[in-house]
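Right, one structure below, let's go through it.
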Amino acid sequence: RNGTVTTNATNSKACPLRGSLGCVDLDAFALRDESVWIPERNGTVTTNIYGPMEAGFSNTVPGMKCLNDNTVSGGIDTQTAEMMVYHYCGHEEDILVLDTCGGHAVPYHYHERLACLYTSDPTTGHSTRVGTAADGNGIYGMYIDGGVQPTDMDACGGRFGVTPDSNGETVYYYPIKPYPPFTLGCYGPVSSVQECRELYPDTCLQEKGATIEEITTDYGTGLYALDCPCFDENHSNVESQKERPKYLPEQKTDEFPY
């Protein structure tokens with residue numbers, strides 16, 4: 001190939017907002033260290049990769065009694081949901097939405113990080129393959145050639161590039177990200193955030209009735225579009241919100257390097 005790739009946006013599709021959008025590959029599955037997992041997760045099916053959104057929490061959910069009268073609505077990404085829980089529960093350190101690999105629940109599934117499922121290619125520094133999305137494209141670890149994070153991903157969370165197992169060919173694939181949608185927000189490619197949002201008209205487009213909710217973390221209160229997995233360069237998923245959401249830190253931090 002000559003290095004120039006034209007995206008075919010007509011192939012783009014919405015992902016499931018709940019449930020599996022891909023599965024862990026066998027080679028990645030073999031990397032898991034069961035000894036560091038939460039015991040009750042062991043023995044459950046651990047191959048499903050979900051999208052970014054959580055189903056919601058109230059004080060009736062096991063381990064979430066500290067929420068008291070507060071709730072975390074369904075349709076908020078797991079990272080933001082965890083920040084909300086931390087805020088409402090008075091900074092209790094042992095209250096976690098996800099385990100160290102980025103998964104939870106029974107049956108077990110992954111939402112973000114997936115750090116226990118990939119290594120780095122010894123030659124290029126590119127992360128190895130984690131799984132396969134339902135559109136057939138690969139899901140890889142966080143780093144591309146040179147061991148750096150990519151800056152050229154589209155609104156689905158995908159990019160074109162050479163991977164450790166593509167035999168030198170340029171392919172479309174999804175690197176894992178430290179921010180939502182974490183793996184992928186839609187089956188790409190797409191050419192814009194708006195194109196991603198148009199795949200989810202009922203949850204992303206305000207003119208179609210998207211539900212916009214005020215949410216609060218330790219950093220502040222901001223607007224969030226429930227069940228909209230399409231985030232712009234400011235990490236906002238609300239069409240009318242053109243600035244960085246107030247529920248995120250104002251500037252990059254070690255915890256939020258974006």
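Within each chain, counting starts at residue 1; across the structure tokens, chains are named A, B, ... in the order shown, with ligands numbered 1 upward in that order.
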Which neighbours of Glu255 (chain A) fall inside 12 Å, counting only C-alpha atoms, when residues of the same chain fewer than 3 positions from it are skipped, and could you give them as number ranges by chain? A: 79, 83, 178-179, 248-249, 251-252, 258
For Gly74 (chain A), work out the shell of residues within 9 Å, counting only C-alpha atoms and skipping chain neighbours fewer than 3 positions away, then give it as a PyMOL selection string. chain A and resi 53-57+77+226-227
Output C-alpha atoms of each residue in that selection to a file, as a PDB file, in the first residue's frame.
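Listed below is the output, out.pdb:
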ATOM      1  CA  MET A  53     -21.438   2.383  29.724  1.00  0.00           C
ATOM      2  CA  GLU A  54     -22.462   1.056  33.117  1.00  0.00           C
ATOM      3  CA  ALA A  55     -25.965  -0.163  33.969  1.00  0.00           C
ATOM      4  CA  GLY A  56     -26.197   2.096  37.047  1.00  0.00           C
ATOM      5  CA  PHE A  57     -25.836   1.874  40.818  1.00  0.00           C
ATOM      6  CA  ASP A  77     -19.184   5.332  31.493  1.00  0.00           C
ATOM      7  CA  LEU A 226     -26.717   9.091  29.000  1.00  0.00           C
ATOM      8  CA  ASP A 227     -25.799   6.144  26.770  1.00  0.00           C
TER       9      ASP A 227
END
Write out, as a Markdown table, each residue of region 174-221 of chain A that has an atom at most 12 Å from region 130-136 of chain A, together with the closest pair of atoms and their distance in Å to one decimal, counting only C-alpha atoms, rows going by chain and rising number.
| residue | atom | partner | partner_atom | distance |
| --- | --- | --- | --- | --- |
| A:Tyr174 | CA | A:Ala133 | CA | 8.5 |
| A:Pro175 | CA | A:Val130 | CA | 9.2 |
| A:Ile176 | CA | A:Val130 | CA | 9.1 |
| A:Thr183 | CA | A:Ala133 | CA | 9.2 |
| A:Leu184 | CA | A:Ala133 | CA | 8.6 |
| A:Gly185 | CA | A:Ala133 | CA | 11.0 |
| A:Cys186 | CA | A:Asp135 | CA | 9.8 |
| A:Tyr187 | CA | A:Asp135 | CA | 6.5 |
| A:Gly188 | CA | A:Asp135 | CA | 8.6 |
| A:Pro189 | CA | A:Asp135 | CA | 10.8 |
Quick check for you: according to DSSP on this backbone, which residues of region 12-253 of chain A are classed as strand (DSSP E or B)? Reply as JSON, numbers by chain. {"A": [13, 14, 20, 21, 22, 23, 24, 48, 49, 50, 53, 54, 57, 72, 76, 77, 103, 104, 109, 110, 120, 127, 129, 130, 131, 132, 133, 138, 139, 140, 144, 148, 159, 160, 161, 162, 170, 171, 172, 173, 174, 175, 186, 187, 212, 213, 214, 215, 216, 217, 220, 221, 222, 223, 224, 225]}
Tell me which protein, DNA and RNA residues are within 6 Å of His126 (chain A), counting only C-alpha atoms, leaving out same-chain ones fewer than 4 positions away, and put them as a compact mmCIF listing (two decimals) with C-alpha atoms, in the first residue's frame.
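result_29.txt written:
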# COMPACT_ATOMS: atom_id res chain seq x y z
CA SER A 120 4.37 -5.12 24.00
CA ASP A 121 5.85 -6.35 20.75
CA TYR A 143 0.35 1.66 22.62
CA ILE A 144 1.33 1.87 18.96
CA ASP A 145 4.77 1.67 17.33
CA GLY A 147 5.45 2.49 22.67
From the set A:Tyr88, A:Met64, A:Cys156, A:Phe29, which residue has the shortest atom-to-atom contact distance to Cys101 (chain A), counting only C-alpha atoms?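 Distance minimum relative to Cys101 (chain A) lands on A:Phe29.
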Find the residues around Ser166 (chain A) up to 12 Å (only C-alpha atoms counted), leave out those fewer than 4 positions away in its own chain, and share them as a compact mmCIF listing (two decimals) with all heavy atoms, in the first residue's frame.
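Contents of the output file part28.txt:
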# COMPACT_ATOMS: atom_id res chain seq x y z
N HIS A 126 4.73 -1.88 19.94
CA HIS A 126 3.27 -1.84 19.77
C HIS A 126 2.62 -2.88 20.68
O HIS A 126 3.12 -4.00 20.82
CB HIS A 126 2.93 -2.15 18.30
CG HIS A 126 1.54 -1.81 17.90
ND1 HIS A 126 0.42 -2.41 18.45
CD2 HIS A 126 1.06 -0.93 16.98
CE1 HIS A 126 -0.67 -1.92 17.89
NE2 HIS A 126 -0.32 -1.01 17.00
N THR A 128 0.19 -5.77 21.97
CA THR A 128 -0.33 -6.96 21.31
C THR A 128 -1.85 -6.93 21.26
O THR A 128 -2.50 -6.10 21.90
CB THR A 128 0.14 -8.22 22.03
OG1 THR A 128 -0.22 -8.13 23.42
CG2 THR A 128 1.65 -8.39 21.92
N ARG A 129 -2.39 -7.86 20.51
CA ARG A 129 -3.84 -7.93 20.30
C ARG A 129 -4.53 -8.47 21.54
O ARG A 129 -4.10 -9.46 22.14
CB ARG A 129 -4.13 -8.81 19.10
CG ARG A 129 -5.59 -8.86 18.69
CD ARG A 129 -5.73 -9.59 17.37
NE ARG A 129 -7.11 -9.70 16.92
CZ ARG A 129 -7.51 -9.44 15.68
NH1 ARG A 129 -6.64 -9.03 14.77
NH2 ARG A 129 -8.78 -9.58 15.36
N ASN A 137 -12.78 -6.38 13.31
CA ASN A 137 -11.54 -5.64 13.50
C ASN A 137 -10.94 -5.91 14.87
O ASN A 137 -11.66 -6.17 15.84
CB ASN A 137 -11.79 -4.14 13.31
CG ASN A 137 -12.17 -3.80 11.89
OD1 ASN A 137 -11.54 -4.27 10.94
ND2 ASN A 137 -13.20 -2.97 11.72
N GLY A 138 -9.62 -5.82 14.95
CA GLY A 138 -8.92 -6.15 16.17
C GLY A 138 -8.99 -5.06 17.23
O GLY A 138 -9.10 -3.87 16.93
N TYR A 140 -6.61 -3.81 20.38
CA TYR A 140 -5.22 -3.95 20.82
C TYR A 140 -4.99 -3.16 22.10
O TYR A 140 -5.82 -2.34 22.50
CB TYR A 140 -4.27 -3.44 19.72
CG TYR A 140 -4.23 -4.35 18.51
CD1 TYR A 140 -5.27 -4.37 17.59
CD2 TYR A 140 -3.15 -5.22 18.29
CE1 TYR A 140 -5.25 -5.21 16.49
CE2 TYR A 140 -3.12 -6.06 17.20
CZ TYR A 140 -4.17 -6.06 16.30
OH TYR A 140 -4.15 -6.90 15.22
N PHE A 160 -6.14 3.67 11.54
CA PHE A 160 -5.48 2.86 10.53
C PHE A 160 -4.00 2.80 10.85
O PHE A 160 -3.37 3.82 11.15
CB PHE A 160 -5.68 3.45 9.13
CG PHE A 160 -7.07 3.25 8.59
CD1 PHE A 160 -8.03 4.24 8.75
CD2 PHE A 160 -7.42 2.08 7.92
CE1 PHE A 160 -9.31 4.08 8.24
CE2 PHE A 160 -8.69 1.91 7.42
CZ PHE A 160 -9.64 2.90 7.57
N GLY A 161 -3.42 1.61 10.79
CA GLY A 161 -2.00 1.46 11.05
C GLY A 161 -1.57 0.01 10.91
O GLY A 161 -2.38 -0.88 10.64
N VAL A 162 -0.28 -0.21 11.11
CA VAL A 162 0.30 -1.55 11.06
C VAL A 162 0.36 -2.10 12.48
O VAL A 162 0.80 -1.41 13.41
CB VAL A 162 1.70 -1.52 10.44
CG1 VAL A 162 2.34 -2.91 10.47
CG2 VAL A 162 1.64 -0.99 9.00
N THR A 170 -1.52 -2.17 6.37
CA THR A 170 -2.27 -1.16 7.12
C THR A 170 -3.71 -1.65 7.30
O THR A 170 -4.37 -2.00 6.32
CB THR A 170 -2.27 0.18 6.37
OG1 THR A 170 -0.93 0.66 6.29
CG2 THR A 170 -3.12 1.21 7.12
N VAL A 171 -4.14 -1.71 8.55
CA VAL A 171 -5.49 -2.19 8.86
C VAL A 171 -6.18 -1.19 9.78
O VAL A 171 -5.54 -0.35 10.42
CB VAL A 171 -5.44 -3.58 9.53
CG1 VAL A 171 -4.88 -4.63 8.59
CG2 VAL A 171 -4.63 -3.53 10.82
N TYR A 172 -7.48 -1.30 9.83
CA TYR A 172 -8.27 -0.50 10.79
C TYR A 172 -8.44 -1.32 12.06
O TYR A 172 -8.84 -2.49 12.02
CB TYR A 172 -9.63 -0.15 10.19
CG TYR A 172 -10.49 0.72 11.09
CD1 TYR A 172 -10.25 2.08 11.22
CD2 TYR A 172 -11.55 0.17 11.81
CE1 TYR A 172 -11.04 2.88 12.04
CE2 TYR A 172 -12.34 0.96 12.62
CZ TYR A 172 -12.08 2.32 12.74
OH TYR A 172 -12.86 3.11 13.56
N TYR A 173 -8.14 -0.71 13.21
CA TYR A 173 -8.23 -1.44 14.47
C TYR A 173 -8.49 -0.46 15.62
O TYR A 173 -8.42 0.75 15.44
CB TYR A 173 -6.97 -2.26 14.72
CG TYR A 173 -5.72 -1.44 15.00
CD1 TYR A 173 -5.23 -1.27 16.29
CD2 TYR A 173 -5.00 -0.84 13.96
CE1 TYR A 173 -4.08 -0.54 16.55
CE2 TYR A 173 -3.85 -0.11 14.21
CZ TYR A 173 -3.39 0.04 15.50
OH TYR A 173 -2.26 0.77 15.76
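Secondary structure from DSSP on the backbone puts alpha helix (DSSP H) at the following positions of region 129-218 of chain A: Val193, Gln194, Glu195, Cys196, Arg197, Glu198, Pro201, Asp202, Thr203 and Cys204 of chain A.
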Using only C-alpha atoms, which protein or nucleic acid residues come within 12 Å of Gly63 (chain A)? Drop anything in the same chain fewer than 2 positions from it, and give the result as number ranges by chain. A: 57-61, 65-68, 85, 89, 92, 94-97, 105
For Lys208 (chain A), work out the shell of residues within 12 Å, counting only C-alpha atoms and skipping chain neighbours fewer than 5 positions away, then give it as a PDB file with N, CA, C and O atoms, in the first residue's frame.
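The resulting part-v5.pdb:
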ATOM      1  N   ARG A 197     -22.296  10.196  16.511  1.00  0.00           N
ATOM      2  CA  ARG A 197     -23.524  10.495  17.249  1.00  0.00           C
ATOM      3  C   ARG A 197     -24.771  10.168  16.439  1.00  0.00           C
ATOM      4  O   ARG A 197     -25.798   9.774  16.996  1.00  0.00           O
ATOM      5  N   GLU A 198     -24.679  10.315  15.139  1.00  0.00           N
ATOM      6  CA  GLU A 198     -25.841  10.013  14.297  1.00  0.00           C
ATOM      7  C   GLU A 198     -26.150   8.514  14.250  1.00  0.00           C
ATOM      8  O   GLU A 198     -27.255   8.125  13.859  1.00  0.00           O
ATOM      9  N   LEU A 199     -25.200   7.696  14.685  1.00  0.00           N
ATOM     10  CA  LEU A 199     -25.463   6.261  14.795  1.00  0.00           C
ATOM     11  C   LEU A 199     -26.322   5.948  16.015  1.00  0.00           C
ATOM     12  O   LEU A 199     -26.899   4.858  16.117  1.00  0.00           O
ATOM     13  N   TYR A 200     -26.397   6.895  16.949  1.00  0.00           N
ATOM     14  CA  TYR A 200     -27.168   6.736  18.189  1.00  0.00           C
ATOM     15  C   TYR A 200     -28.124   7.930  18.330  1.00  0.00           C
ATOM     16  O   TYR A 200     -28.000   8.726  19.277  1.00  0.00           O
ATOM     17  N   PRO A 201     -29.056   8.102  17.440  1.00  0.00           N
ATOM     18  CA  PRO A 201     -29.882   9.319  17.458  1.00  0.00           C
ATOM     19  C   PRO A 201     -30.659   9.513  18.755  1.00  0.00           C
ATOM     20  O   PRO A 201     -30.787  10.652  19.239  1.00  0.00           O
ATOM     21  N   ASP A 202     -31.182   8.445  19.331  1.00  0.00           N
ATOM     22  CA  ASP A 202     -32.031   8.581  20.515  1.00  0.00           C
ATOM     23  C   ASP A 202     -31.256   8.931  21.774  1.00  0.00           C
ATOM     24  O   ASP A 202     -31.833   9.453  22.733  1.00  0.00           O
ATOM     25  N   THR A 203     -29.954   8.620  21.794  1.00  0.00           N
ATOM     26  CA  THR A 203     -29.171   8.856  23.008  1.00  0.00           C
ATOM     27  C   THR A 203     -28.089   9.911  22.844  1.00  0.00           C
ATOM     28  O   THR A 203     -27.560  10.395  23.850  1.00  0.00           O
ATOM     29  N   GLU A 239     -23.719  17.241  22.731  1.00  0.00           N
ATOM     30  CA  GLU A 239     -23.608  18.057  21.516  1.00  0.00           C
ATOM     31  C   GLU A 239     -23.387  19.535  21.801  1.00  0.00           C
ATOM     32  O   GLU A 239     -22.530  20.178  21.202  1.00  0.00           O
TER      33      GLU A 239
END
With only C-alpha atoms as the basis for distance, which of A:Gly146, A:Ala28, A:Pro245, A:Asp33 is at the shortest distance from Pro122 (chain A)?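 Result for the nearest residue to Pro122 (chain A): A:Gly146.
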